[in-house]
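Engineer: I am sharing protein_33.pdb, which consists of PDB, C-alpha atoms:
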ATOM      1  CA  MET A   1      93.548 102.484 126.985
ATOM      2  CA  ALA A   2      92.474 105.955 125.860
ATOM      3  CA  GLN A   3      91.569 106.534 122.245
ATOM      4  CA  THR A   4      93.514 109.152 120.318
ATOM      5  CA  PRO A   5      91.727 111.405 117.819
ATOM      6  CA  LYS A   6      93.066 111.203 114.265
ATOM      7  CA  ASN A   7      92.258 112.399 110.739
ATOM      8  CA  HIS A   8      91.501 115.961 111.874
ATOM      9  CA  GLN A   9      89.859 118.278 109.365
ATOM     10  CA  THR A  10      88.802 121.929 109.767
ATOM     11  CA  ARG A  11      87.123 124.259 107.285
ATOM     12  CA  THR A  12      84.905 127.337 107.264
ATOM     13  CA  GLU A  13      81.611 127.739 105.478
ATOM     14  CA  ALA A  14      78.829 130.315 105.298
ATOM     15  CA  ILE A  15      75.370 129.589 106.666
ATOM     16  CA  GLY A  16      73.240 132.565 105.746
ATOM     17  CA  LYS A  17      75.038 135.659 107.025
ATOM     18  CA  TRP A  18      77.159 133.672 109.515
ATOM     19  CA  THR A  19      80.585 132.124 109.021
ATOM     20  CA  VAL A  20      80.913 128.792 110.793
ATOM     21  CA  ARG A  21      83.862 126.493 111.457
ATOM     22  CA  ILE A  22      83.356 122.778 110.870
ATOM     23  CA  ARG A  23      85.751 120.519 112.762
ATOM     24  CA  SER A  24      85.746 116.762 112.379
ATOM     25  CA  TYR A  25      87.979 113.915 113.459
ATOM     26  CA  GLN A  26      87.970 110.174 113.895
ATOM     27  CA  LEU A  27      87.841 108.653 117.357
ATOM     28  CA  GLY A  28      87.973 104.867 117.249
ATOM     29  CA  ASP A  29      85.378 103.689 114.728
ATOM     30  CA  ALA A  30      83.309 106.894 114.815
ATOM     31  CA  TYR A  31      83.634 110.395 113.396
ATOM     32  CA  ILE A  32      82.884 113.404 115.579
ATOM     33  CA  CYS A  33      81.901 116.780 114.122
ATOM     34  CA  THR A  34      81.326 120.139 115.793
ATOM     35  CA  VAL A  35      80.085 123.340 114.187
ATOM     36  CA  ASP A  36      80.824 126.679 115.864
ATOM     37  CA  ASN A  37      80.290 130.301 114.938
ATOM     38  CA  VAL A  38      83.807 131.552 114.323
ATOM     39  CA  SER A  39      83.321 134.655 116.446
ATOM     40  CA  PRO A  40      82.965 134.142 119.445
ATOM     41  CA  GLY A  41      83.508 130.418 118.861
ATOM     42  CA  ALA A  42      80.440 129.020 120.614
ATOM     43  CA  VAL A  43      79.545 125.456 119.594
ATOM     44  CA  ILE A  44      76.231 125.398 117.734
ATOM     45  CA  SER A  45      75.935 121.662 117.079
ATOM     46  CA  ARG A  46      77.668 118.307 117.466
ATOM     47  CA  SER A  47      77.250 114.976 115.761
ATOM     48  CA  THR A  48      78.720 111.465 115.818
ATOM     49  CA  ALA A  49      78.403 108.992 112.940
ATOM     50  CA  GLU A  50      80.149 106.093 111.239
ATOM     51  CA  THR A  51      81.493 108.298 108.415
ATOM     52  CA  ARG A  52      82.861 111.844 108.271
ATOM     53  CA  ALA A  53      80.306 112.790 105.611
ATOM     54  CA  ASP A  54      77.383 111.631 107.767
ATOM     55  CA  ALA A  55      78.699 113.352 110.906
ATOM     56  CA  GLU A  56      79.266 116.648 109.056
ATOM     57  CA  SER A  57      75.931 116.481 107.261
ATOM     58  CA  GLU A  58      74.009 115.916 110.502
ATOM     59  CA  ALA A  59      75.912 118.622 112.409
ATOM     60  CA  LEU A  60      75.390 121.151 109.584
ATOM     61  CA  ALA A  61      71.673 120.368 109.412
ATOM     62  CA  GLN A  62      71.371 120.946 113.180
ATOM     63  CA  ALA A  63      73.350 124.203 112.908
ATOM     64  CA  LYS A  64      71.149 125.480 110.063
ATOM     65  CA  ALA A  65      68.024 124.705 112.094
ATOM     66  CA  ALA A  66      69.453 126.421 115.177
ATOM     67  CA  MET A  67      70.448 129.525 113.223
ATOM     68  CA  ALA A  68      67.153 129.875 111.346
TER
END
Represent the structure from my file as structure tokens, please.
Structural biologist:
Amino acid sequence: MAQTPKNHQTRTEAIGKWTVRIRSYQLGDAYICTVDNVSPGAVISRSTAETRADAESEALAQAKAAMA
């Protein structure tokens, strides 16, 4: 049986001069997070963790490193 994503959350945040969109959701027992640059919407980083906070923290750290 396919898993259905739930507990979606989306917000924007500034990283340096860039505005990024942080999307996270729960899939089964894990949280998935993606960070993209709002315009043009290219995904910068992705992360999976047991909690939303951990997934977002890891994805944001990867995005900051990629944008440095």
Engineer: Could you tell me, as a PyMOL selection string, exactly which residues end up selected when the PyMOL selection byres ((chain A and resi 34) around 6) is applied to this structure?
Structural biologist: chain A and resi 22-23+33+35+45-46
Engineer: Pick out the closest residue to Ala14 in chain A from this set: A:Ala68, A:Asn37, A:Glu58, A:Thr51. Count only C-alpha atoms.
Structural biologist: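 Among A:Ala68, A:Asn37, A:Glu58, A:Thr51, it is A:Asn37 that comes nearest to Ala14 in chain A.
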Engineer: Mind telling me what the PyMOL selection byres ((chain A and resi 4) around 12) catches here, as an MDAnalysis selection string?
Structural biologist: chainID A and resid 1:3 5:8 25:30
Engineer: Which one of A:Val20, A:Ile15, A:Ala66, A:Ala55 sits closest to Val38 in chain A if you count all atoms listed in the file?
Structural biologist: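 Comparing A:Val20, A:Ile15, A:Ala66, A:Ala55 against Val38 in chain A, the winner is A:Val20.
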Engineer: Provide an axis-aligned box for all listed atoms of range 22-28 of chain A, padding each side by 6 Å; report its centre and its edge lengths in Å to one decimal, as JSON.
Structural biologist:
{"center_x": 85.7, "center_y": 113.8, "center_z": 114.1, "size_x": 16.6, "size_y": 29.9, "size_z": 18.5}
Engineer: In Å, rounded to a single decimal, give me how far CA of Lys17 in chain A is from CA of Lys64 in chain A.
Structural biologist: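 Rounded to one decimal, the two atoms are 11.3 Å apart.
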Engineer: Using CA of Thr12 in chain A and CA of Asp54 in chain A as the two end points, give the distance in Å to one decimal.
Structural biologist: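 Those two atoms sit 17.4 Å apart.
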Engineer: Which residue gives the smallest distance to Ala49 in chain A among A:Tyr31, A:Ala61, A:Asp36, A:Ser24, with only C-alpha atoms counted?
Structural biologist: A:Tyr31
Engineer: For the atom pair CA of Gly41 in chain A and CA of Thr19 in chain A, what is the interatomic distance in Å to one decimal place?
Structural biologist: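 Answer for the CA of Gly41 in chain A to CA of Thr19 in chain A separation: 10.4 Å.
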Engineer: Of the candidates A:Trp18, A:Thr48, A:Glu13, A:Gln62, which shows the shortest atom-to-atom distance to Ile32 in chain A, using all atoms listed in the file?
Structural biologist: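 Smallest separation from Ile32 in chain A among the options: A:Thr48.
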